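The file my_file.cif contains mmCIF, C-alpha atoms:
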data_coords
#
loop_
_atom_site.label_atom_id
_atom_site.label_comp_id
_atom_site.auth_asym_id
_atom_site.auth_seq_id
_atom_site.Cartn_x
_atom_site.Cartn_y
_atom_site.Cartn_z
CA MET W 1 29.37 36.15 -22.53
CA ALA W 2 26.54 38.64 -22.69
CA ASP W 3 24.50 39.51 -25.77
CA GLU W 4 25.23 42.46 -28.07
CA SER W 5 23.60 44.90 -25.72
CA GLY W 6 25.74 43.62 -22.86
CA ILE W 7 22.81 42.03 -20.98
CA ARG W 8 23.55 38.74 -19.26
CA HIS W 9 20.62 36.43 -19.94
CA ILE W 10 19.53 33.48 -17.85
CA THR W 11 20.96 30.08 -18.72
CA GLU W 12 18.81 27.02 -19.22
CA GLU W 13 20.20 25.43 -16.07
CA GLU W 14 19.39 28.49 -14.01
CA MET W 15 15.91 28.56 -15.45
CA ILE W 16 15.31 24.89 -14.68
CA CYS W 17 16.54 25.47 -11.14
CA HIS W 18 14.17 28.40 -10.86
CA TYR W 19 11.29 26.36 -12.27
CA TYR W 20 11.79 23.67 -9.64
CA GLY W 21 12.19 26.20 -6.87
CA GLU W 22 15.80 25.28 -6.34
CA GLU W 23 18.40 27.82 -5.32
CA SER W 24 19.00 30.21 -8.24
CA PRO W 25 21.02 33.40 -8.66
CA GLY W 26 19.67 36.48 -6.94
CA GLY W 27 17.86 38.87 -9.22
CA LEU W 28 16.72 36.09 -11.56
CA GLN W 29 13.04 36.81 -11.08
CA ALA W 30 13.67 40.53 -11.54
CA HIS W 31 15.45 39.76 -14.81
CA LEU W 32 12.60 37.56 -15.95
CA ASP W 33 10.17 40.36 -15.22
CA GLU W 34 12.18 42.79 -17.32
CA CYS W 35 13.66 40.66 -20.13
CA ARG W 36 11.11 39.68 -22.74
CA GLN W 37 13.41 37.11 -24.36
CA CYS W 38 14.09 35.23 -21.11
CA SER W 39 10.49 35.57 -20.07
CA GLU W 40 9.35 33.92 -23.31
CA GLU W 41 11.90 31.17 -22.90
CA PHE W 42 10.74 30.56 -19.35
CA SER W 43 7.17 30.30 -20.63
CA THR W 44 8.34 27.72 -23.18
CA LEU W 45 9.97 25.73 -20.41
CA LYS W 46 6.83 25.85 -18.33
CA ARG W 47 4.75 24.65 -21.30
CA ALA W 48 7.13 21.77 -21.88
CA MET W 49 7.01 20.77 -18.24
CA ALA W 50 3.23 21.01 -18.26
CA ALA W 51 3.23 18.67 -21.25
CA VAL W 52 5.23 16.15 -19.24
CA ASP W 53 2.40 16.08 -16.74
CA SER W 54 0.26 14.42 -19.43
CA PHE W 55 2.25 11.30 -18.69
CA ALA W 56 -0.19 10.17 -16.03
CA ALA W 57 0.28 6.86 -14.29
CA PRO W 58 -2.79 4.61 -14.48
CA ASN W 59 -4.72 3.73 -11.38
CA PRO W 60 -3.92 0.23 -10.19
CA PRO W 61 -6.88 -2.16 -9.83
CA PRO W 62 -9.10 -1.78 -6.74
CA ASP W 63 -7.68 -4.88 -5.08
CA PHE W 64 -4.10 -3.81 -5.74
CA GLU W 65 -3.12 -3.59 -2.06
CA GLU W 66 -4.54 -7.04 -1.35
CA ARG W 67 -2.81 -8.50 -4.41
CA THR W 68 0.48 -6.89 -3.45
CA TRP W 69 0.22 -8.20 0.08
CA ARG W 70 -0.57 -11.73 -1.09
CA ALA W 71 2.38 -11.64 -3.49
CA ILE W 72 4.72 -10.45 -0.76
CA VAL W 73 3.51 -13.06 1.71
CA GLN W 74 3.90 -15.73 -0.95
CA ARG W 75 7.48 -14.67 -1.54
CA ASP W 76 8.44 -14.41 2.10
CA GLY W 77 7.27 -17.27 4.25
CA SER W 78 8.28 -15.60 7.51
CA LEU W 79 5.83 -12.82 6.89
CA ALA W 80 3.13 -15.40 6.23
CA GLY W 81 3.62 -16.89 9.69
CA ARG W 82 3.56 -13.53 11.38
CA ALA W 83 0.41 -12.47 9.67
CA ALA W 84 -1.46 -15.75 9.67
CA TRP W 85 -4.02 -14.96 12.32
CA TRP W 86 -4.56 -11.55 10.88
CA ARG W 87 -5.29 -12.96 7.50
CA ARG W 88 -8.01 -15.00 9.10
CA LEU W 89 -9.38 -11.85 10.71
CA LEU W 90 -9.20 -9.94 7.50
CA PHE W 91 -11.14 -12.47 5.51
CA PRO W 92 -14.52 -11.91 7.10
CA LYS W 93 -16.12 -14.20 4.53
CA ARG W 94 -14.69 -17.09 6.47
CA LEU W 95 -16.30 -15.75 9.59
CA MET W 96 -19.64 -15.47 7.84
CA TRP W 97 -19.85 -19.18 8.43
CA ALA W 98 -19.48 -18.77 12.15
CA GLY W 99 -23.15 -18.10 12.87
CA GLY W 100 -24.36 -20.84 10.54
CA LEU W 101 -21.86 -23.33 11.84
CA ALA W 102 -22.80 -22.54 15.42
CA ALA W 103 -26.47 -22.99 14.62
CA MET W 104 -25.79 -26.35 12.96
CA VAL W 105 -23.61 -27.63 15.78
CA ILE W 106 -25.95 -26.45 18.51
CA GLY W 107 -28.92 -27.76 16.60
CA ALA W 108 -27.33 -31.17 16.29
CA PHE W 109 -26.31 -31.07 19.94
CA LEU W 110 -29.78 -30.17 21.19
CA ALA W 111 -31.46 -32.63 18.84
CA GLY W 112 -29.35 -35.37 20.40
CA ARG W 113 -30.05 -34.17 23.90
CA LEU W 114 -33.79 -33.97 23.42
CA SER W 115 -34.09 -37.27 21.62
CA ILE W 116 -35.81 -39.90 23.74
CA THR W 117 -35.17 -42.83 21.42
CA PRO W 118 -33.23 -45.49 23.38
CA ARG W 119 -29.89 -46.52 21.83
CA VAL W 120 -28.84 -50.07 22.51
CA THR W 121 -25.99 -50.60 20.11
CA GLU W 122 -22.31 -50.73 21.02
CA THR W 123 -21.87 -47.09 20.15
CA ALA W 124 -25.16 -45.98 21.65
CA ALA W 125 -23.65 -43.22 23.80
CA ALA W 126 -21.01 -42.17 21.24
CA PRO W 127 -23.18 -39.86 19.10
CA GLU W 128 -23.93 -37.71 22.14
CA ALA W 129 -20.25 -37.55 23.05
CA VAL W 130 -19.37 -36.66 19.49
CA ARG W 131 -22.03 -33.99 19.38
CA GLU W 132 -20.74 -32.54 22.62
CA ARG W 133 -17.20 -32.68 21.28
CA LEU W 134 -18.31 -30.85 18.16
CA LEU W 135 -19.97 -28.18 20.22
CA VAL W 136 -16.88 -27.76 22.38
CA ALA W 137 -14.66 -27.53 19.27
CA ALA W 138 -16.93 -24.96 17.64
CA LEU W 139 -17.21 -22.93 20.84
CA SER W 140 -13.45 -23.13 21.29
CA ASP W 141 -12.96 -21.78 17.78
CA HIS W 142 -15.48 -19.03 18.45
CA LEU W 143 -13.62 -18.01 21.61
CA GLU W 144 -10.31 -18.02 19.75
CA GLN W 145 -11.69 -15.63 17.13
CA SER W 146 -13.22 -13.47 19.86
CA GLU W 147 -9.89 -13.40 21.67
CA ARG W 148 -8.16 -12.11 18.53
CA LEU W 149 -10.79 -9.45 18.15
CA LEU W 150 -10.43 -8.35 21.79
CA LEU W 151 -6.68 -8.22 21.37
CA GLU W 152 -7.04 -6.05 18.33
CA ILE W 153 -9.38 -3.64 20.08
CA ASP W 154 -6.80 -3.48 22.79
CA ASN W 155 -4.17 -2.44 20.29
CA SER W 156 -5.75 -0.03 17.85
CA GLU W 157 -8.90 1.31 16.27
CA LEU W 158 -12.03 -0.35 14.90
CA ASN W 159 -11.73 -0.58 11.16
CA ASP W 160 -12.15 -4.24 10.23
CA GLU W 161 -13.26 -5.22 13.70
CA ARG W 162 -16.84 -4.06 13.29
CA GLN W 163 -17.56 -6.58 10.54
CA VAL W 164 -15.79 -9.33 12.47
CA ALA W 165 -17.76 -8.50 15.61
CA GLU W 166 -21.02 -8.56 13.68
CA ASN W 167 -20.24 -12.01 12.35
CA LEU W 168 -19.27 -13.33 15.76
CA LEU W 169 -22.31 -11.83 17.42
CA ALA W 170 -24.87 -14.22 15.94
CA ALA W 171 -22.84 -17.28 16.92
CA ASN W 172 -22.20 -15.90 20.39
CA ARG W 173 -25.91 -15.45 21.00
CA LEU W 174 -26.57 -19.09 20.15
CA TYR W 175 -23.75 -20.34 22.35
CA ARG W 176 -24.91 -18.20 25.27
CA GLN W 177 -28.49 -19.43 24.95
CA THR W 178 -27.32 -23.03 24.77
CA ALA W 179 -25.06 -22.60 27.80
CA ALA W 180 -27.97 -21.13 29.77
CA LEU W 181 -30.22 -23.98 28.66
CA GLU W 182 -27.63 -26.50 29.76
CA GLY W 183 -27.26 -24.81 33.14
CA LYS W 184 -23.64 -23.74 32.46
CA SER W 185 -24.10 -20.43 34.26
CA SER W 186 -20.42 -19.47 34.42
CA LEU W 187 -20.01 -20.04 30.69
CA ALA W 188 -23.26 -18.20 29.96
CA THR W 189 -22.12 -15.22 32.05
CA THR W 190 -18.79 -14.94 30.22
CA LEU W 191 -20.54 -15.24 26.87
CA ASP W 192 -23.02 -12.60 27.98
CA ASP W 193 -20.17 -10.20 28.82
CA LEU W 194 -18.56 -11.00 25.49
CA GLU W 195 -21.83 -10.41 23.67
CA ARG W 196 -22.18 -6.89 25.09
CA VAL W 197 -18.71 -5.98 23.87
CA LEU W 198 -19.32 -7.58 20.46
CA THR W 199 -22.56 -5.59 20.18
CA ASP W 200 -20.78 -2.35 20.98
CA VAL W 201 -18.02 -3.04 18.45
CA ALA W 202 -20.48 -4.13 15.74
CA HIS W 203 -22.50 -0.95 16.21
CA ALA W 204 -19.53 1.38 16.59
CA PRO W 205 -19.62 4.50 14.39
CA ASP W 206 -17.61 4.67 11.17
CA ARG W 207 -15.05 6.88 12.81
CA PRO W 208 -15.14 6.29 16.54
CA THR W 209 -13.47 8.93 18.64
CA ALA W 210 -10.36 8.09 20.61
CA ALA W 211 -12.46 8.45 23.77
CA GLN W 212 -15.01 5.88 22.52
CA VAL W 213 -12.28 3.36 21.72
CA ARG W 214 -10.63 3.97 25.07
CA GLN W 215 -13.98 3.47 26.82
CA LEU W 216 -14.40 0.14 25.09
CA GLN W 217 -10.88 -0.89 25.93
CA ALA W 218 -11.44 0.09 29.56
CA ARG W 219 -14.58 -2.03 29.71
CA ILE W 220 -12.76 -5.08 28.36
CA GLU W 221 -10.03 -4.52 30.89
CA ASP W 222 -12.36 -3.89 33.86
CA GLN W 223 -14.31 -7.07 33.20
CA GLN W 224 -11.08 -9.00 32.65
CA LEU W 225 -12.90 -10.21 29.57
CA LEU W 226 -9.81 -11.06 27.58
CA PHE W 227 -8.45 -13.14 30.44
CA LYS W 228 -11.79 -14.94 30.93
CA VAL W 229 -12.11 -15.72 27.22
CA GLN W 230 -8.53 -16.98 27.07
CA MET W 231 -9.00 -19.22 30.13
CA LEU W 232 -12.29 -20.55 28.88
CA GLY W 233 -10.84 -21.29 25.48
CA GLN W 234 -7.87 -23.04 27.04
CA ARG W 235 -10.15 -25.21 29.19
CA LEU W 236 -12.25 -26.18 26.22
CA ARG W 237 -9.20 -27.09 24.15
CA GLN W 238 -7.91 -29.29 26.97
CA LEU W 239 -11.31 -30.91 27.22
CA ASN W 240 -11.31 -31.71 23.56
CA GLN W 241 -7.89 -33.33 23.74
CA GLN W 242 -9.23 -36.04 26.05
CA PRO W 243 -10.28 -39.27 24.32
CA ILE W 244 -13.97 -39.93 23.83
CA GLU W 245 -15.23 -42.63 26.18
CA ARG W 246 -17.20 -45.27 24.42
CA LYS W 247 -20.01 -47.07 26.19
CA GLY W 248 -20.72 -50.62 25.25
CA MET N 1 -6.77 7.81 14.35
CA ASP N 2 -4.22 6.59 11.86
CA VAL N 3 -1.27 4.88 13.47
CA SER N 4 1.93 6.61 12.39
CA ASP N 5 4.37 4.92 10.04
CA ALA N 6 7.00 5.04 12.77
CA ALA N 7 4.71 3.14 15.16
CA LEU N 8 3.91 0.56 12.47
CA VAL N 9 7.60 0.09 11.73
CA ALA N 10 8.25 -0.44 15.45
CA GLN N 11 5.38 -2.96 15.66
CA THR N 12 6.72 -4.82 12.63
CA GLN N 13 10.20 -4.89 14.15
CA ALA N 14 8.59 -6.38 17.27
CA GLY N 15 7.13 -9.20 15.16
CA ASP N 16 3.70 -7.92 14.17
CA GLY N 17 3.30 -8.86 10.52
CA ASN N 18 -0.03 -7.09 10.36
CA ALA N 19 1.61 -3.77 11.05
CA PHE N 20 3.69 -4.28 7.93
CA ARG N 21 0.56 -5.07 6.01
CA VAL N 22 -0.84 -1.68 6.97
CA LEU N 23 2.35 -0.06 5.64
CA VAL N 24 1.93 -1.95 2.37
CA GLU N 25 -1.70 -0.87 2.12
CA ARG N 26 -0.82 2.71 2.93
CA HIS N 27 2.04 3.19 0.47
CA SER N 28 1.70 0.64 -2.33
CA ARG N 29 -0.44 2.82 -4.65
CA LYS N 30 1.95 5.74 -4.48
CA ILE N 31 4.90 3.45 -5.08
CA TYR N 32 3.05 1.91 -8.01
CA ARG N 33 2.57 5.31 -9.66
CA LEU N 34 6.23 6.13 -9.15
CA ALA N 35 7.26 2.72 -10.48
CA PHE N 36 5.02 3.06 -13.52
CA ARG N 37 6.56 6.42 -14.40
CA LEU N 38 10.00 4.96 -13.96
CA THR N 39 9.50 1.73 -15.87
CA GLY N 40 6.72 2.70 -18.26
CA ASN N 41 4.71 -0.48 -17.96
CA GLU N 42 2.32 -2.03 -15.49
CA ALA N 43 3.97 -5.43 -15.08
CA ASP N 44 7.35 -3.94 -14.21
CA ALA N 45 5.67 -1.41 -11.94
CA GLU N 46 3.99 -4.20 -9.96
CA ASP N 47 7.29 -6.04 -9.75
CA VAL N 48 9.02 -2.92 -8.42
CA VAL N 49 6.32 -2.45 -5.77
CA GLN N 50 6.59 -6.03 -4.52
CA GLU N 51 10.35 -6.05 -4.60
CA ALA N 52 10.55 -2.73 -2.76
CA PHE N 53 8.33 -3.90 0.09
CA LEU N 54 10.12 -7.23 0.33
CA LYS N 55 13.47 -5.48 0.56
CA ALA N 56 12.07 -3.06 3.10
CA TYR N 57 10.69 -5.89 5.22
CA ARG N 58 13.92 -7.85 5.11
CA ASN N 59 15.98 -4.78 5.97
CA LEU N 60 13.65 -3.28 8.52
CA GLY N 61 16.19 -4.10 11.22
CA ASN N 62 18.54 -1.58 9.60
CA PHE N 63 15.92 1.14 9.41
CA ASN N 64 16.85 3.54 12.16
CA GLY N 65 13.89 5.89 11.79
CA GLN N 66 16.03 8.93 11.05
CA SER N 67 14.23 9.30 7.73
CA GLN N 68 10.54 8.73 7.11
CA PHE N 69 9.39 5.29 6.06
CA SER N 70 7.81 6.82 2.94
CA SER N 71 11.17 8.33 1.87
CA TRP N 72 12.91 5.07 2.60
CA ILE N 73 10.51 2.93 0.57
CA TYR N 74 10.64 5.48 -2.27
CA SER N 75 14.39 5.18 -2.25
CA ILE N 76 14.29 1.38 -2.33
CA ALA N 77 11.74 1.38 -5.16
CA SER N 78 13.72 3.97 -7.14
CA ASN N 79 16.91 1.97 -6.88
CA HIS N 80 15.21 -1.25 -7.89
CA ALA N 81 13.66 0.54 -10.87
CA LEU N 82 17.07 1.98 -11.71
CA ASP N 83 18.55 -1.53 -11.83
CA LEU N 84 15.64 -2.67 -13.96
CA LEU N 85 16.12 0.22 -16.39
CA LYS N 86 19.85 -0.43 -16.63
CA SER N 87 19.25 -4.05 -17.51
CA ARG N 88 16.58 -3.00 -19.97
CA LYS N 89 18.86 -0.52 -21.72
CA ARG N 90 20.76 -3.51 -22.97
CA ARG N 91 17.57 -4.60 -24.70
CA PRO N 92 15.51 -2.80 -27.35
CA VAL N 93 13.59 0.31 -26.26
CA GLN N 94 10.54 -0.52 -24.18
CA SER N 95 7.24 1.18 -24.49
CA LEU N 96 4.37 1.97 -22.21
CA THR N 97 1.58 -0.38 -22.98
CA GLU N 98 0.91 -3.11 -25.46
CA GLU N 99 -1.06 -0.68 -27.55
CA GLN N 100 1.81 1.74 -27.65
CA GLU N 101 4.27 -1.04 -28.13
CA SER N 102 2.54 -2.03 -31.33
CA SER N 103 2.43 1.56 -32.53
CA GLY N 104 6.16 2.06 -32.00
CA PRO N 105 6.28 5.50 -30.43
CA GLN N 106 9.68 6.57 -31.66
CA LEU N 107 10.26 10.22 -32.25
CA THR N 108 11.41 9.57 -35.78
CA ASN N 109 8.17 7.76 -36.52
CA LEU N 110 6.21 10.63 -35.10
CA LEU N 111 8.17 13.12 -37.17
CA ALA N 112 7.91 11.00 -40.28
CA SER N 113 4.16 11.13 -40.00
CA GLY N 114 4.25 14.84 -40.83
CA THR N 115 4.04 18.04 -38.85
CA PRO N 116 1.51 17.50 -36.11
CA ASP N 117 -1.21 19.95 -35.44
CA PRO N 118 -0.29 21.71 -32.15
CA GLU N 119 -3.84 21.47 -30.85
CA ARG N 120 -3.94 17.78 -31.56
CA LEU N 121 -0.59 17.45 -29.88
CA ALA N 122 -1.74 19.27 -26.80
CA SER N 123 -4.84 17.19 -26.32
CA GLY N 124 -4.15 13.87 -27.95
CA ASN N 125 -2.20 10.75 -27.39
CA GLU N 126 0.61 12.07 -29.54
CA MET N 127 1.87 14.39 -26.83
CA ARG N 128 1.97 11.48 -24.46
CA GLN N 129 3.95 9.48 -26.98
CA VAL N 130 6.46 12.28 -27.36
CA ILE N 131 6.94 12.29 -23.60
CA VAL N 132 7.31 8.51 -23.60
CA VAL N 133 10.00 8.77 -26.25
CA ALA N 134 11.76 11.53 -24.32
CA LEU N 135 11.70 9.40 -21.17
CA ASP N 136 13.08 6.45 -23.10
CA GLU N 137 15.85 8.66 -24.46
CA MET N 138 17.03 9.41 -20.93
CA THR N 139 19.67 7.34 -19.23
CA PRO N 140 18.31 5.29 -16.30
CA GLN N 141 19.86 7.71 -13.84
CA GLU N 142 18.40 10.74 -15.61
CA ARG N 143 14.98 9.15 -15.76
CA VAL N 144 14.92 8.26 -12.07
CA ALA N 145 16.28 11.66 -11.00
CA PHE N 146 13.84 13.49 -13.29
CA THR N 147 10.84 11.41 -12.18
CA LEU N 148 11.62 11.94 -8.52
CA ARG N 149 12.11 15.68 -9.08
CA HIS N 150 9.30 16.41 -11.50
CA PHE N 151 6.53 14.00 -10.56
CA GLU N 152 7.30 13.30 -6.93
CA GLY N 153 8.56 16.75 -5.98
CA ARG N 154 11.62 15.41 -4.15
CA CYS N 155 14.41 17.91 -3.60
CA MET N 156 17.82 17.43 -5.27
CA GLU N 157 19.53 16.56 -1.98
CA GLU N 158 17.02 13.83 -1.21
CA ILE N 159 17.25 12.38 -4.70
CA GLY N 160 21.04 12.45 -4.48
CA ALA N 161 20.93 10.63 -1.16
CA SER N 162 18.62 7.97 -2.63
CA LEU N 163 20.74 7.41 -5.71
CA GLN N 164 24.06 7.90 -3.95
CA LEU N 165 24.92 10.90 -6.10
CA THR N 166 26.20 14.31 -5.13
CA THR N 167 23.69 17.13 -5.32
CA GLY N 168 25.60 18.55 -8.28
CA ALA N 169 25.47 15.27 -10.16
CA THR N 170 21.77 14.93 -9.38
CA ARG N 171 21.10 18.43 -10.64
CA ASN N 172 23.00 17.67 -13.85
CA ALA N 173 21.01 14.49 -14.36
CA VAL N 174 17.76 16.44 -14.01
CA PHE N 175 19.05 19.16 -16.39
CA ARG N 176 19.94 16.64 -19.04
CA ALA N 177 16.57 14.97 -18.65
CA VAL N 178 14.70 18.27 -19.01
CA GLN N 179 16.79 19.10 -22.08
CA LYS N 180 15.78 15.79 -23.66
CA VAL N 181 12.12 16.48 -22.98
CA ARG N 182 12.42 19.94 -24.45
CA ARG N 183 14.33 18.70 -27.46
CA ALA N 184 11.68 16.07 -28.16
CA LEU N 185 8.91 18.63 -27.87
CA HIS N 186 10.85 21.15 -29.91
CA LEU N 187 11.41 18.64 -32.71
CA VAL N 188 7.74 17.86 -32.86
CA GLU N 189 6.36 21.32 -32.29
CA GLY N 190 9.05 23.21 -34.13
CA GLY N 191 9.50 25.60 -31.22
CA PRO N 192 12.27 28.11 -30.70
CA PRO N 193 15.84 26.88 -30.18
CA TRP N 194 17.18 26.99 -26.69
CA ARG N 195 20.14 29.06 -25.69
CA THR N 196 23.00 27.00 -24.36
CA LYS N 197 25.09 27.93 -21.37
CA ALA N 198 27.99 28.89 -23.63
CA GLU N 199 25.78 31.12 -25.74
CA SER N 200 24.44 32.92 -22.71
CA GLY N 201 27.96 33.74 -21.68
CA THR N 202 28.09 32.42 -18.14
#
For the structure just supplied, provide its representation as structure tokens.
Amino acid sequence: MADESGIRHITEEEMICHYYGEESPGGLQAHLDECRQCSEEFSTLKRAMAAVDSFAAPNPPPDFEERTWRAIVQRDGSLAGRAAWWRRLLFPKRLMWAGGLAAMVIGAFLAGRLSITPRVTETAAAPEAVRERLLVAALSDHLEQSERLLLEIDNSELNDERQVAENLLAANRLYRQTAALEGKSSLATTLDDLERVLTDVAHAPDRPTAAQVRQLQARIEDQQLLFKVQMLGQRLRQLNQQPIERKG
Amino acid sequence: MDVSDAALVAQTQAGDGNAFRVLVERHSRKIYRLAFRLTGNEADAEDVVQEAFLKAYRNLGNFNGQSQFSSWIYSIASNHALDLLKSRKRRPVQSLTEEQESSGPQLTNLLASGTPDPERLASGNEMRQVIVVALDEMTPQERVAFTLRHFEGRCMEEIGASLQLTTGATRNAVFRAVQKVRRALHLVEGGPPWRTKAESGT
């Protein structure tokens, strides 16, 4: 039904369709341009829709993603297992201890080595063995973390890895120096190779180019660094599984 | 050098939980905003986000990659919110925040308070309350369809596919929702009446 003058005006549904850019009858825009009544009604619709936009959603808290992830992991154990090592990587605060721990362990180890006080008790040799075991355990842990980092560089970009590398770097330097001091040249060489890569990752630009990441990945591959670190870590873990010999 | 969603989905399917974490980090804020508009409160919105990602993770094996992950997770979140709204409809009308809850933003209350000044309406909290009331007046299906169309810019076909509705039914749900918004605003602002389809003669 048209109005008294015989003009067919636009229906509300057609206008809503038009507003949302959906398919609408041909000539609708031309009618809107010519018909003052429909044009005014379309303006009213637009004002109403603009008013709806005032219903803004609040910004979630800054740690929303982290909170969401934790909640999901808590509710699905299988995801927790799959992401366990990543969680360790993504909590760099834990790794902040790496340098300090290494310094303490190495310090204790060297203090024991350099001590000239004779020990005559039943467990006289045990402290040295324990110190060595501690050093091996700490170094093994360091290599495990480095291995994860190398694996991640192998797989993607360098977002969280820079901070992780920086934290590992200080500990690596101490381990390398200790290995050299102890005459463990093979270990010192591997740690030296590792240190160069850690340095490069720690000092990588905010947004490294694909070529820079590929170059780093190529270097890790050429040096067989990942393989060396894995083998070394495996050897150290085996070593630490052996019982401590007590001297009496 | 962002890894694509498709690659992250494939990595997750291969057992890399971290890849799924990246998907959560990438999409959770957008899903939260959608969920807030659908449910009207922060606690429910957070619940919808978590539930949507959990469902997505558990059903990732069925995700064939024909659609985008973002569309898929939107669809899951929308349907969970729809269920939530349906269950809520059996309870008294919900409001947006505690503050608004205490103020009772019903249209009748707003009208009873006298004719609002249009300028105050346009700039103040009152306009927001009118919209909240209008959204609460919608059926769950209308609210979800309207939110996806108006705020998220999804096309009718996509919304229909998400909600398992025909395009025609989706369009009708959006129409009814828009009419409710306009009616609420008209009641408060005292604007011109709207011509119905019958009146326009089509």
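Closest to chain N among W:Gln29, W:Thr209, W:Thr178, W:Thr199 is W:Thr209, based on all atoms listed in the file.
The gap separating CA of Asp53 in chain W from CA of Asp136 in chain N is 15.7 Å, in Å to one decimal.
If all atoms listed in the file are the atoms counted, then among N:Ala81, N:Ala161, N:Leu54, N:Leu60 the closest residue to Arg143 in chain N is N:Ala81.
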Env of Ala57 in chain W: 7 Å cut, atoms = only C-alpha atoms, seq-sep filter 6 positions within chain, self excluded. Answer as a list in words.
Arg33, Phe36 and Arg37 of chain N
Near-Val9 in chain N list (12 Å; all atoms listed in the file; drop same-chain fewer than 3 positions) as an mmCIF file with C-alpha atoms, keeping the file's coordinate frame:
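Output file result-v3.cif follows:
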data_model
loop_
_atom_site.group_PDB
_atom_site.id
_atom_site.type_symbol
_atom_site.label_atom_id
_atom_site.label_comp_id
_atom_site.auth_asym_id
_atom_site.auth_seq_id
_atom_site.Cartn_x
_atom_site.Cartn_y
_atom_site.Cartn_z
ATOM 1 C CA VAL N 3 -1.270 4.880 13.470
ATOM 2 C CA SER N 4 1.930 6.610 12.390
ATOM 3 C CA ASP N 5 4.370 4.920 10.040
ATOM 4 C CA ALA N 6 7.000 5.040 12.770
ATOM 5 C CA THR N 12 6.720 -4.820 12.630
ATOM 6 C CA GLN N 13 10.200 -4.890 14.150
ATOM 7 C CA ALA N 14 8.590 -6.380 17.270
ATOM 8 C CA GLY N 15 7.130 -9.200 15.160
ATOM 9 C CA ASP N 16 3.700 -7.920 14.170
ATOM 10 C CA GLY N 17 3.300 -8.860 10.520
ATOM 11 C CA ASN N 18 -0.030 -7.090 10.360
ATOM 12 C CA ALA N 19 1.610 -3.770 11.050
ATOM 13 C CA PHE N 20 3.690 -4.280 7.930
ATOM 14 C CA ARG N 21 0.560 -5.070 6.010
ATOM 15 C CA VAL N 22 -0.840 -1.680 6.970
ATOM 16 C CA LEU N 23 2.350 -0.060 5.640
ATOM 17 C CA VAL N 24 1.930 -1.950 2.370
ATOM 18 C CA ALA N 56 12.070 -3.060 3.100
ATOM 19 C CA TYR N 57 10.690 -5.890 5.220
ATOM 20 C CA ASN N 59 15.980 -4.780 5.970
ATOM 21 C CA LEU N 60 13.650 -3.280 8.520
ATOM 22 C CA GLY N 61 16.190 -4.100 11.220
ATOM 23 C CA ASN N 62 18.540 -1.580 9.600
ATOM 24 C CA PHE N 63 15.920 1.140 9.410
ATOM 25 C CA ASN N 64 16.850 3.540 12.160
ATOM 26 C CA GLY N 65 13.890 5.890 11.790
ATOM 27 C CA GLN N 68 10.540 8.730 7.110
ATOM 28 C CA PHE N 69 9.390 5.290 6.060
ATOM 29 C CA SER N 70 7.810 6.820 2.940
ATOM 30 C CA TRP N 72 12.910 5.070 2.600
ATOM 31 C CA ILE N 73 10.510 2.930 0.570
#
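Applied to the shown file, the PyMOL selection byres ((chain N and resi 45-48) around 7) selects the residues Tyr32, Ala35, Phe36, Thr39, Asn41, Glu42, Ala43, Asp44, Val49, Gln50, Glu51, Ala52, Ala77, His80 and Ala81 of chain N.
The closest residue to Leu149 in chain W, picked from W:Leu226, W:Tyr19, W:Ser186, W:Leu135 and counting only C-alpha atoms, is W:Leu226.
When CA of Val201 in chain W is paired with CA of Val213 in chain W, their separation reads 9.2 Å.
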Box centre and edge lengths (Å, one decimal), axis-aligned, range 19-22 of chain W plus 3 Å each side, as JSON:
{"center_x": 13.5, "center_y": 25.0, "center_z": -9.3, "size_x": 10.5, "size_y": 8.7, "size_z": 11.9}
Please reconstruct the missing atoms of range 63-68 of chain W (target: N, CA, C and O atoms) and return them as a CSV table (one decimal), keeping the file's coordinate frame.
chain,number,residue,atom,x,y,z
W,63,ASP,N,-8.2,-3.9,-6.1
W,63,ASP,CA,-7.7,-4.9,-5.1
W,63,ASP,C,-6.1,-4.9,-5.1
W,63,ASP,O,-5.5,-5.9,-4.7
W,64,PHE,N,-5.6,-3.8,-5.6
W,64,PHE,CA,-4.1,-3.8,-5.7
W,64,PHE,C,-3.4,-4.1,-4.4
W,64,PHE,O,-2.4,-4.8,-4.4
W,65,GLU,N,-3.8,-3.4,-3.4
W,65,GLU,CA,-3.1,-3.6,-2.1
W,65,GLU,C,-3.2,-5.1,-1.6
W,65,GLU,O,-2.2,-5.6,-1.1
W,66,GLU,N,-4.4,-5.6,-1.8
W,66,GLU,CA,-4.5,-7.0,-1.4
W,66,GLU,C,-3.6,-8.0,-2.2
W,66,GLU,O,-3.0,-8.9,-1.7
W,67,ARG,N,-3.6,-7.7,-3.5
W,67,ARG,CA,-2.8,-8.5,-4.4
W,67,ARG,C,-1.3,-8.4,-4.1
W,67,ARG,O,-0.6,-9.4,-4.0
W,68,THR,N,-0.9,-7.1,-3.8
W,68,THR,CA,0.5,-6.9,-3.4
W,68,THR,C,0.8,-7.6,-2.2
W,68,THR,O,1.9,-8.3,-2.1
